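Listing of start.csv, CSV, C-alpha atoms
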chain,number,residue,atom,x,y,z
A,1,MET,CA,184.2,116.4,-29.5
A,2,ILE,CA,185.7,113.0,-30.1
A,3,ASP,CA,189.5,112.8,-29.5
A,4,PHE,CA,190.5,110.7,-32.5
A,5,ASP,CA,194.0,110.3,-31.3
A,6,ARG,CA,192.8,108.0,-28.5
A,7,PHE,CA,191.5,105.4,-30.9
A,8,PRO,CA,193.3,103.0,-33.2
A,9,SER,CA,193.2,103.5,-37.0
A,10,PRO,CA,191.0,102.6,-38.8
A,11,CYS,CA,188.1,102.6,-36.4
A,12,TYR,CA,184.3,102.9,-36.3
A,13,ILE,CA,183.5,105.3,-33.4
A,14,MET,CA,180.1,105.7,-32.0
A,15,ASP,CA,179.3,108.9,-30.0
A,16,GLU,CA,177.3,108.0,-27.0
A,17,GLU,CA,175.8,111.5,-26.6
A,18,LEU,CA,174.6,111.5,-30.2
A,19,LEU,CA,173.1,108.0,-29.8
A,20,ARG,CA,171.2,109.0,-26.6
A,21,LYS,CA,169.9,112.1,-28.4
A,22,ASN,CA,168.4,109.9,-31.1
A,23,LEU,CA,167.1,107.4,-28.6
A,24,THR,CA,165.4,110.1,-26.5
A,25,LEU,CA,163.6,111.4,-29.6
A,26,ILE,CA,162.5,108.0,-30.6
A,27,LYS,CA,161.2,107.2,-27.1
A,28,SER,CA,159.4,110.5,-27.1
A,29,VAL,CA,157.6,109.7,-30.4
A,30,ALA,CA,156.7,106.3,-29.1
A,31,ASP,CA,155.2,107.6,-25.9
A,32,ARG,CA,153.3,110.5,-27.4
A,33,ALA,CA,151.9,108.4,-30.3
A,34,GLY,CA,151.1,105.4,-28.1
A,35,VAL,CA,153.2,103.0,-30.3
A,36,GLU,CA,156.2,100.8,-29.9
A,37,ILE,CA,159.4,101.5,-31.9
A,38,ILE,CA,161.9,98.7,-32.1
A,39,LEU,CA,165.5,98.3,-33.2
A,40,ALA,CA,166.3,96.6,-36.5
A,41,PHE,CA,169.5,94.5,-36.5
A,42,LYS,CA,169.7,94.7,-40.3
A,43,SER,CA,171.0,98.3,-39.9
A,44,PHE,CA,172.8,98.1,-36.5
A,45,ALA,CA,173.9,95.2,-34.4
A,46,MET,CA,176.8,96.5,-32.2
A,47,TRP,CA,175.7,94.5,-29.2
A,48,ARG,CA,178.1,96.1,-26.7
A,49,SER,CA,175.9,99.2,-26.9
A,50,PHE,CA,172.7,97.3,-26.3
A,51,PRO,CA,172.5,98.2,-22.6
A,52,ILE,CA,172.1,101.8,-23.6
A,53,PHE,CA,169.4,100.9,-26.1
A,54,ARG,CA,167.5,99.0,-23.4
A,55,GLU,CA,167.1,102.2,-21.4
A,56,TYR,CA,164.8,103.5,-24.2
A,57,VAL,CA,163.4,100.5,-26.2
A,58,GLU,CA,162.4,97.0,-25.2
A,59,HIS,CA,162.5,94.9,-28.4
A,60,SER,CA,164.3,94.3,-31.7
A,61,THR,CA,163.7,92.8,-35.1
A,62,ALA,CA,165.6,89.9,-36.7
A,63,SER,CA,165.8,88.5,-40.2
A,64,SER,CA,167.8,85.4,-39.6
A,65,VAL,CA,168.6,82.7,-37.0
A,66,TYR,CA,171.7,84.5,-35.8
A,67,GLU,CA,169.9,87.9,-35.5
A,68,ALA,CA,167.1,86.2,-33.5
A,69,ARG,CA,169.6,84.6,-31.2
A,70,LEU,CA,171.4,87.9,-30.8
A,71,ALA,CA,168.1,89.5,-29.7
A,72,LEU,CA,167.5,86.9,-27.1
A,73,GLU,CA,171.0,86.5,-25.7
A,74,GLU,CA,172.4,90.0,-26.0
A,75,PHE,CA,169.5,92.4,-26.3
A,76,GLY,CA,167.7,90.6,-23.6
A,77,SER,CA,164.3,90.0,-25.2
A,78,LYS,CA,162.9,87.8,-27.9
A,79,ALA,CA,162.9,89.0,-31.4
A,80,HIS,CA,160.2,90.2,-33.8
A,81,THR,CA,161.4,88.0,-36.7
A,82,TYR,CA,160.7,88.2,-40.4
A,83,SER,CA,162.5,86.4,-43.2
A,84,PRO,CA,161.7,86.0,-46.9
A,85,ALA,CA,161.8,82.2,-46.3
A,86,TYR,CA,162.3,79.9,-43.3
A,87,THR,CA,163.8,76.4,-43.5
A,88,GLU,CA,163.0,73.2,-41.5
A,89,ALA,CA,166.5,73.3,-40.1
A,90,ASP,CA,166.3,76.8,-38.8
A,91,PHE,CA,162.7,77.1,-37.7
A,92,PRO,CA,163.0,75.5,-34.2
A,93,GLU,CA,165.7,78.0,-33.3
A,94,ILE,CA,163.6,80.8,-34.8
A,95,MET,CA,160.8,79.8,-32.5
A,96,ARG,CA,163.0,79.6,-29.4
A,97,CYS,CA,164.3,83.1,-30.0
A,98,SER,CA,161.2,84.9,-31.2
A,99,SER,CA,158.1,86.4,-29.7
A,100,HIS,CA,156.7,87.4,-33.1
A,101,ILE,CA,157.2,85.6,-36.5
A,102,THR,CA,156.1,87.1,-39.8
A,103,PHE,CA,155.8,85.0,-42.9
A,104,ASN,CA,156.4,86.2,-46.4
A,105,SER,CA,153.9,84.0,-48.1
A,106,LEU,CA,150.8,81.9,-47.4
A,107,SER,CA,152.7,78.8,-48.4
A,108,GLN,CA,155.3,79.5,-45.7
A,109,PHE,CA,152.6,80.2,-43.2
A,110,CYS,CA,150.8,77.0,-43.9
A,111,ARG,CA,154.0,75.0,-43.7
A,112,PHE,CA,155.3,76.4,-40.4
A,113,TYR,CA,152.4,77.7,-38.4
A,114,PRO,CA,151.2,74.3,-37.3
A,115,ALA,CA,154.6,73.9,-35.5
A,116,VAL,CA,154.0,77.1,-33.7
A,117,VAL,CA,150.5,75.9,-32.5
A,118,LYS,CA,151.8,72.5,-31.6
A,119,GLU,CA,154.5,73.8,-29.4
A,120,GLY,CA,152.1,76.1,-27.6
A,121,SER,CA,154.7,78.8,-27.7
A,122,GLY,CA,152.4,81.8,-27.6
A,123,ILE,CA,154.3,83.3,-30.5
A,124,SER,CA,152.3,85.9,-32.4
A,125,CYS,CA,152.3,85.1,-36.1
A,126,GLY,CA,151.4,87.2,-39.1
A,127,ILE,CA,151.7,87.6,-42.9
A,128,ARG,CA,153.8,90.4,-44.5
A,129,ILE,CA,151.7,92.6,-46.8
A,130,ASN,CA,153.5,94.5,-49.5
A,131,PRO,CA,151.6,97.7,-50.5
A,132,GLU,CA,154.1,98.2,-53.3
A,133,TYR,CA,154.5,101.8,-52.3
A,134,SER,CA,157.7,103.6,-51.2
A,135,GLU,CA,158.7,107.2,-50.9
A,136,VAL,CA,162.4,106.5,-50.8
A,137,GLU,CA,164.3,106.5,-54.1
A,138,THR,CA,166.4,103.5,-53.3
A,139,GLU,CA,164.5,100.2,-52.9
A,140,LEU,CA,167.3,98.5,-51.0
A,141,TYR,CA,166.1,99.8,-47.7
A,142,LEU,CA,163.0,101.4,-46.2
A,143,SER,CA,164.0,103.5,-43.2
A,144,LEU,CA,162.6,106.5,-41.2
A,145,ILE,CA,165.2,109.3,-41.6
A,146,HIS,CA,163.0,112.1,-40.2
A,147,ILE,CA,160.8,111.8,-37.1
A,148,SER,CA,158.4,114.7,-36.9
A,149,GLU,CA,155.3,116.1,-35.3
A,150,HIS,CA,153.4,115.1,-38.4
A,151,LEU,CA,154.3,111.5,-37.9
A,152,ILE,CA,152.9,111.6,-34.3
A,153,HIS,CA,149.7,113.2,-35.6
A,154,LEU,CA,149.3,110.5,-38.2
A,155,LEU,CA,149.9,107.7,-35.7
A,156,ASN,CA,147.4,109.1,-33.2
A,157,ASP,CA,144.9,109.5,-36.0
A,158,LEU,CA,145.4,105.9,-37.0
A,159,ARG,CA,145.0,104.6,-33.4
A,160,SER,CA,141.8,106.7,-32.9
A,161,ARG,CA,140.3,105.0,-36.0
A,162,HIS,CA,141.6,101.5,-35.2
A,163,PRO,CA,141.9,101.3,-31.4
A,164,HIS,CA,142.2,97.5,-31.4
A,165,LEU,CA,145.5,97.7,-33.2
A,166,ARG,CA,148.9,97.5,-31.6
A,167,ILE,CA,151.2,99.6,-33.7
A,168,ILE,CA,154.9,98.6,-33.9
A,169,LEU,CA,157.4,100.6,-36.0
A,170,GLU,CA,160.8,99.5,-37.3
A,171,PRO,CA,162.5,102.7,-38.5
A,172,GLY,CA,165.8,101.1,-39.7
A,173,SER,CA,168.6,103.6,-39.6
A,174,ALA,CA,166.8,106.2,-37.5
A,175,PHE,CA,168.3,104.9,-34.2
A,176,THR,CA,171.9,105.4,-35.3
A,177,TRP,CA,171.5,108.1,-37.9
A,178,GLN,CA,174.5,110.5,-37.6
A,179,THR,CA,175.8,108.9,-34.4
A,180,GLY,CA,179.3,108.1,-35.3
A,181,VAL,CA,182.2,108.0,-37.8
A,182,LEU,CA,184.8,105.8,-39.5
A,183,THR,CA,188.3,107.1,-39.1
A,184,SER,CA,191.1,106.4,-41.5
A,185,GLU,CA,194.4,107.9,-42.6
A,186,VAL,CA,196.3,108.6,-45.8
A,187,VAL,CA,198.9,105.9,-46.5
A,188,ASP,CA,200.0,107.1,-50.0
A,189,ILE,CA,199.3,109.7,-52.6
A,190,VAL,CA,199.6,108.8,-56.3
A,191,GLU,CA,199.0,110.7,-59.4
A,192,SER,CA,198.0,109.4,-62.9
A,193,ARG,CA,196.7,111.4,-65.9
A,194,GLY,CA,196.3,114.5,-63.7
A,195,ILE,CA,194.2,112.7,-61.1
A,196,ARG,CA,195.6,112.6,-57.6
A,197,THR,CA,194.5,109.7,-55.4
A,198,ALA,CA,194.9,109.6,-51.7
A,199,ILE,CA,195.1,105.9,-50.8
A,200,LEU,CA,193.6,105.3,-47.4
A,201,ASN,CA,193.9,102.4,-44.8
A,202,VAL,CA,190.2,101.6,-45.3
A,203,SER,CA,188.3,100.1,-48.1
A,204,PHE,CA,185.0,101.3,-49.6
A,205,THR,CA,184.4,97.7,-50.8
A,206,CYS,CA,185.1,96.2,-47.4
A,207,HIS,CA,184.1,98.8,-44.9
A,208,MET,CA,181.7,101.2,-46.7
A,209,PRO,CA,179.9,98.9,-49.2
A,210,ASP,CA,176.8,101.1,-49.3
A,211,CYS,CA,178.8,103.8,-51.0
A,212,LEU,CA,179.2,101.4,-53.9
A,213,GLU,CA,175.9,99.5,-53.7
A,214,MET,CA,173.4,102.3,-53.2
A,215,PRO,CA,175.4,104.3,-54.3
A,216,TYR,CA,175.8,107.4,-52.3
A,217,GLN,CA,178.6,109.8,-51.5
A,218,PRO,CA,179.7,109.8,-47.9
A,219,ALA,CA,180.4,113.1,-46.0
A,220,VAL,CA,184.1,113.6,-45.3
A,221,CYS,CA,185.1,115.9,-42.5
A,222,GLY,CA,186.8,119.0,-43.8
A,223,ALA,CA,186.2,118.3,-47.5
A,224,GLU,CA,183.6,119.1,-50.1
A,225,MET,CA,182.3,116.9,-52.9
A,226,GLY,CA,183.4,117.9,-56.4
A,227,ASN,CA,186.5,119.3,-58.0
A,228,ASN,CA,186.0,123.0,-57.5
A,229,GLY,CA,188.6,123.5,-54.8
A,230,CYS,CA,192.3,124.0,-55.0
A,231,HIS,CA,193.3,120.6,-53.7
A,232,VAL,CA,191.3,117.9,-55.3
A,233,TYR,CA,191.8,114.2,-54.5
A,234,ARG,CA,190.1,110.9,-55.4
A,235,LEU,CA,189.9,108.9,-52.2
A,236,GLY,CA,191.1,105.3,-52.8
A,237,GLY,CA,190.5,102.2,-50.8
A,238,ASN,CA,193.3,99.7,-50.0
A,239,SER,CA,191.8,96.6,-51.6
A,240,CYS,CA,192.9,95.5,-55.1
A,241,LEU,CA,189.4,96.0,-56.5
A,242,SER,CA,189.6,98.5,-59.3
A,243,GLY,CA,186.3,100.2,-58.3
A,244,ASP,CA,187.4,100.7,-54.6
A,245,TYR,CA,187.4,104.5,-54.7
A,246,MET,CA,185.3,107.6,-54.3
A,247,GLY,CA,186.0,110.9,-56.0
A,248,ASP,CA,186.3,113.8,-56.4
A,249,TRP,CA,186.9,115.6,-53.0
A,250,SER,CA,188.1,119.2,-52.5
A,251,PHE,CA,190.3,119.9,-49.5
A,252,ASP,CA,191.5,123.3,-48.3
A,253,HIS,CA,195.1,122.0,-48.1
A,254,GLU,CA,197.5,119.5,-49.5
A,255,LEU,CA,197.0,116.1,-47.9
A,256,GLN,CA,199.9,114.5,-46.2
A,257,ILE,CA,200.7,110.8,-45.6
A,258,GLY,CA,199.6,109.9,-42.1
A,259,GLU,CA,196.8,112.6,-42.1
A,260,ARG,CA,193.5,111.5,-40.7
A,261,ILE,CA,190.5,111.3,-42.9
A,262,VAL,CA,187.1,111.0,-41.1
A,263,PHE,CA,184.0,109.7,-42.8
A,264,GLU,CA,180.9,111.0,-41.1
A,265,ASP,CA,177.7,109.1,-40.4
A,266,MET,CA,179.2,105.6,-40.8
A,267,ILE,CA,177.5,103.6,-38.0
A,268,HIS,CA,174.2,102.4,-39.7
A,269,TYR,CA,174.3,99.8,-42.5
A,270,THR,CA,178.2,99.7,-42.3
A,271,MET,CA,179.5,97.4,-39.6
A,272,VAL,CA,176.6,94.9,-40.3
A,273,LYS,CA,177.8,94.7,-43.9
A,274,THR,CA,181.5,94.7,-43.7
A,275,ASN,CA,183.7,91.9,-45.1
A,276,MET,CA,187.3,90.9,-45.2
A,277,PHE,CA,187.8,90.7,-49.0
A,278,ASN,CA,191.5,90.6,-49.8
A,279,GLY,CA,192.3,90.0,-46.1
A,280,ILE,CA,192.0,93.8,-45.6
A,281,HIS,CA,192.4,94.8,-41.9
A,282,HIS,CA,189.0,95.3,-40.3
A,283,PRO,CA,188.5,98.6,-38.5
A,284,ALA,CA,188.3,98.5,-34.7
A,285,ILE,CA,184.9,99.1,-33.1
A,286,ALA,CA,184.7,101.6,-30.3
A,287,MET,CA,182.6,104.2,-28.5
A,288,TRP,CA,183.3,107.8,-27.3
A,289,THR,CA,181.4,107.8,-24.0
A,290,LYS,CA,179.3,110.6,-22.6
A,291,ASP,CA,182.0,110.9,-20.0
A,292,GLY,CA,184.7,111.6,-22.6
A,293,LYS,CA,186.3,108.1,-22.5
A,294,ALA,CA,187.6,106.1,-25.4
A,295,GLU,CA,186.1,102.6,-25.0
A,296,ILE,CA,187.5,100.1,-27.4
A,297,PHE,CA,185.0,97.2,-28.0
A,298,ARG,CA,186.9,95.1,-30.5
A,299,GLN,CA,190.1,95.0,-32.5
A,300,PHE,CA,190.5,92.5,-35.2
A,301,SER,CA,193.5,90.2,-36.1
A,302,TYR,CA,194.7,87.8,-38.7
A,303,GLU,CA,193.0,85.0,-36.9
A,304,ASP,CA,189.6,86.7,-37.5
A,305,TYR,CA,190.3,86.5,-41.2
A,306,ARG,CA,191.7,83.0,-41.2
A,307,ASP,CA,188.9,81.6,-39.2
A,308,ARG,CA,186.3,82.7,-41.7
A,309,MET,CA,187.9,80.5,-44.3
A,310,SER,CA,188.0,76.7,-44.4
This structure in structure tokens:
Amino acid sequence: MIDFDRFPSPCYIMDEELLRKNLTLIKSVADRAGVEIILAFKSFAMWRSFPIFREYVEHSTASSVYEARLALEEFGSKAHTYSPAYTEADFPEIMRCSSHITFNSLSQFCRFYPAVVKEGSGISCGIRINPEYSEVETELYLSLIHISEHLIHLLNDLRSRHPHLRIILEPGSAFTWQTGVLTSEVVDIVESRGIRTAILNVSFTCHMPDCLEMPYQPAVCGAEMGNNGCHVYRLGGNSCLSGDYMGDWSFDHELQIGERIVFEDMIHYTMVKTNMFNGIHHPAIAMWTKDGKAEIFRQFSYEDYRDRMS
């Protein structure tokens, strides 16, 4: 169990044992189905953990020049790159950092494929095909949440019917699903019109944007969604945005200033989307290792906020 007292607050904390559990399952599926499964940076790009990933997977996907460069320089292999549109300025760097490039339209293919051929890069190129079918309710992402025996059966059946195909899966959040938390603490408790709000030292707008964009309710350790309990609080973020809150949450006790509030499953599609709106202090990034050590990867400062501005 993570010892939260050994980490700064607020902090994103990845649990190495949970990560390795997911990676072991993913590698098992890949091996048994005869396919390759690769990491998507759009959901997770904490590069200090890439050495662990490389024990289980060999490649990653990128959707931009920076992600492609991260694949080459930090993941250690060239990217499988797809973007809705490439530009003349970016494409040479895209080619340098990519082993595969997928185009979103025939016009993009016709515009840039000649450069790939001219360079003799050996890059594998393709066209994205949109079947206009999705079983997920939210169209913002398409990710594999559940890996099962049924999937392995489907993949093996597909390979038996099309043995010439090389099948590559990009399951999005499956790699880091339920592998870590975002810790925070109560800094104030206010009441207005019968609603008690616990103000936290994190922001939903800045640090958990999916909760507002998707939207979905995060899981909070030791609390239940709804107002059926004895101690009900709205959880408020610490930015000045009026919509920076989540409610209602029922606790089994009165919250106290300084008390730790832990948001579960906050590693995928969180750190990659955070921002410093309002100059809000960014959570630290850390890992609870399999050996029970608190490894702090990054803490942020005023200079990080200042240097994003001109």
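One distance worth recording is that between atom CA of Met46 of chain A and atom CA of Ile199 of chain A, which is 27.7 Å.
As for atom CA of Phe204 of chain A and atom CA of Leu235 of chain A, they are spaced 9.4 Å apart.
Counting all atoms listed in the file, the residue from A:Ile167, A:Leu72, A:Met287, A:Ala33 that sits nearest to Ser148 of chain A is A:Ala33.
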Skip Ser43 of chain A itself and residues of its chain fewer than 2 positions away, then list as JSON, numbers by chain all residues within 9 Å of it, counting only C-alpha atoms. {"A": [39, 40, 41, 45, 172, 173, 176, 267, 268, 269, 270, 271, 272, 273]}
Give me a file of those residues, with C-alpha atoms, as a PDB file, in the frame of the given file.
ATOM      1  CA  LEU A  39     165.500  98.300 -33.200  1.00  0.00           C
ATOM      2  CA  ALA A  40     166.300  96.600 -36.500  1.00  0.00           C
ATOM      3  CA  PHE A  41     169.500  94.500 -36.500  1.00  0.00           C
ATOM      4  CA  ALA A  45     173.900  95.200 -34.400  1.00  0.00           C
ATOM      5  CA  GLY A 172     165.800 101.100 -39.700  1.00  0.00           C
ATOM      6  CA  SER A 173     168.600 103.600 -39.600  1.00  0.00           C
ATOM      7  CA  THR A 176     171.900 105.400 -35.300  1.00  0.00           C
ATOM      8  CA  ILE A 267     177.500 103.600 -38.000  1.00  0.00           C
ATOM      9  CA  HIS A 268     174.200 102.400 -39.700  1.00  0.00           C
ATOM     10  CA  TYR A 269     174.300  99.800 -42.500  1.00  0.00           C
ATOM     11  CA  THR A 270     178.200  99.700 -42.300  1.00  0.00           C
ATOM     12  CA  MET A 271     179.500  97.400 -39.600  1.00  0.00           C
ATOM     13  CA  VAL A 272     176.600  94.900 -40.300  1.00  0.00           C
ATOM     14  CA  LYS A 273     177.800  94.700 -43.900  1.00  0.00           C
TER      15      LYS A 273
END
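A straight line drawn from atom CA of Glu149 of chain A to atom CA of Leu25 of chain A is 11.1 Å long.
In this comparison, which uses all atoms listed in the file, the residue of A:Ala115, A:Ile168, A:Asn156, A:Cys125 approaching Thr61 of chain A most closely is A:Ile168.
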Residues within 9 Å of Leu255 of chain A, please, as a ChimeraX atom specification. Count all atoms listed in the file; anything in the same chain fewer than 2 positions from it doesn't count. /A:186,189,198,231,233,251,253,257-259
Could you save those same residues with C-alpha atoms as a short mmCIF file (atom, residue, chain, number, x, y, z; two decimals), keeping the file's coordinate frame?
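Produced file out22.cif, reproduced below:
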data_model
loop_
_atom_site.label_atom_id
_atom_site.label_comp_id
_atom_site.auth_asym_id
_atom_site.auth_seq_id
_atom_site.Cartn_x
_atom_site.Cartn_y
_atom_site.Cartn_z
CA VAL A 186 196.30 108.60 -45.80
CA ILE A 189 199.30 109.70 -52.60
CA ALA A 198 194.90 109.60 -51.70
CA HIS A 231 193.30 120.60 -53.70
CA TYR A 233 191.80 114.20 -54.50
CA PHE A 251 190.30 119.90 -49.50
CA HIS A 253 195.10 122.00 -48.10
CA ILE A 257 200.70 110.80 -45.60
CA GLY A 258 199.60 109.90 -42.10
CA GLU A 259 196.80 112.60 -42.10
#
With a distance cut-off of 10 Å and only C-alpha atoms, select the neighbouring residues of segment 288-296 of chain A, excluding the residue or stretch itself and same-chain residues fewer than 2 positions from it, and output the selection as a list in words. Met1, Ile2, Asp3, Phe4, Asp5, Arg6, Phe7, Pro8, Cys11, Tyr12, Ile13, Met14, Asp15, Glu16, Glu17, Leu18, Leu19, Arg20, Gly180, Ala284, Ile285, Ala286, Arg298 and Gln299 of chain A
Within 12 Å of (177.7, 100.6, -56.0) (coordinates as in the file), grab all the protein and nucleic acid residues, counting all atoms listed in the file, and write them out as a list of chain:residue names. A:Thr138, A:Leu140, A:Phe204, A:Thr205, A:Met208, A:Pro209, A:Asp210, A:Cys211, A:Leu212, A:Glu213, A:Met214, A:Pro215, A:Tyr216, A:Gln217, A:Gly243, A:Asp244, A:Tyr245, A:Met246
For segment 31-60 of chain A, which lacks atoms in the input, supply N, CA and C atoms and format the output as a compact mmCIF listing (two decimals), in the frame of the given file.
# COMPACT_ATOMS: atom_id res chain seq x y z
N ASP A 31 156.12 107.28 -27.02
CA ASP A 31 155.20 107.60 -25.90
C ASP A 31 154.09 108.48 -26.28
N ARG A 32 154.38 109.51 -27.06
CA ARG A 32 153.30 110.50 -27.40
C ARG A 32 152.35 109.92 -28.44
N ALA A 33 152.82 108.98 -29.25
CA ALA A 33 151.90 108.40 -30.30
C ALA A 33 151.29 107.09 -29.81
N GLY A 34 151.70 106.60 -28.64
CA GLY A 34 151.10 105.40 -28.10
C GLY A 34 151.48 104.15 -28.96
N VAL A 35 152.71 104.11 -29.48
CA VAL A 35 153.20 103.00 -30.30
C VAL A 35 154.45 102.44 -29.72
N GLU A 36 154.91 101.33 -30.27
CA GLU A 36 156.20 100.80 -29.90
C GLU A 36 157.15 100.91 -31.09
N ILE A 37 158.37 101.35 -30.82
CA ILE A 37 159.40 101.50 -31.90
C ILE A 37 160.54 100.55 -31.48
N ILE A 38 160.94 99.69 -32.41
CA ILE A 38 161.90 98.70 -32.10
C ILE A 38 163.13 98.74 -33.02
N LEU A 39 164.25 98.28 -32.51
CA LEU A 39 165.50 98.30 -33.20
C LEU A 39 165.64 97.24 -34.26
N ALA A 40 166.07 97.59 -35.46
CA ALA A 40 166.30 96.60 -36.50
C ALA A 40 167.76 96.25 -36.62
N PHE A 41 168.08 94.99 -36.39
CA PHE A 41 169.50 94.50 -36.50
C PHE A 41 170.03 94.63 -37.87
N LYS A 42 169.17 94.67 -38.89
CA LYS A 42 169.70 94.70 -40.30
C LYS A 42 170.47 96.02 -40.49
N SER A 43 170.20 97.06 -39.70
CA SER A 43 171.00 98.30 -39.90
C SER A 43 172.02 98.49 -38.80
N PHE A 44 171.85 97.83 -37.65
CA PHE A 44 172.80 98.10 -36.50
C PHE A 44 172.74 96.90 -35.57
N ALA A 45 173.88 96.32 -35.26
CA ALA A 45 173.90 95.20 -34.40
C ALA A 45 175.14 95.18 -33.45
N MET A 46 175.63 96.36 -33.10
CA MET A 46 176.80 96.50 -32.20
C MET A 46 176.35 96.18 -30.79
N TRP A 47 176.40 94.92 -30.41
CA TRP A 47 175.70 94.50 -29.20
C TRP A 47 176.32 95.03 -27.91
N ARG A 48 177.55 95.48 -27.96
CA ARG A 48 178.10 96.10 -26.70
C ARG A 48 177.40 97.36 -26.33
N SER A 49 176.66 97.95 -27.26
CA SER A 49 175.90 99.20 -26.90
C SER A 49 174.46 98.88 -26.56
N PHE A 50 174.05 97.61 -26.57
CA PHE A 50 172.70 97.30 -26.30
C PHE A 50 172.18 97.72 -24.91
N PRO A 51 173.02 97.69 -23.86
CA PRO A 51 172.50 98.20 -22.60
C PRO A 51 172.04 99.63 -22.62
N ILE A 52 172.62 100.44 -23.48
CA ILE A 52 172.10 101.80 -23.60
C ILE A 52 170.77 101.80 -24.32
N PHE A 53 170.64 101.00 -25.37
CA PHE A 53 169.40 100.90 -26.10
C PHE A 53 168.24 100.47 -25.15
N ARG A 54 168.52 99.52 -24.25
CA ARG A 54 167.50 99.00 -23.40
C ARG A 54 166.93 100.00 -22.40
N GLU A 55 167.62 101.11 -22.23
CA GLU A 55 167.10 102.20 -21.40
C GLU A 55 165.93 102.91 -22.11
N TYR A 56 165.81 102.71 -23.44
CA TYR A 56 164.80 103.50 -24.20
C TYR A 56 163.84 102.57 -24.98
N VAL A 57 164.27 101.38 -25.43
CA VAL A 57 163.40 100.50 -26.20
C VAL A 57 163.50 99.08 -25.63
N GLU A 58 162.46 98.28 -25.86
CA GLU A 58 162.40 97.00 -25.20
C GLU A 58 162.63 95.81 -26.19
N HIS A 59 162.44 96.03 -27.49
CA HIS A 59 162.50 94.90 -28.40
C HIS A 59 163.29 95.24 -29.68
N SER A 60 163.56 94.19 -30.45
CA SER A 60 164.30 94.30 -31.70
C SER A 60 163.77 93.42 -32.74
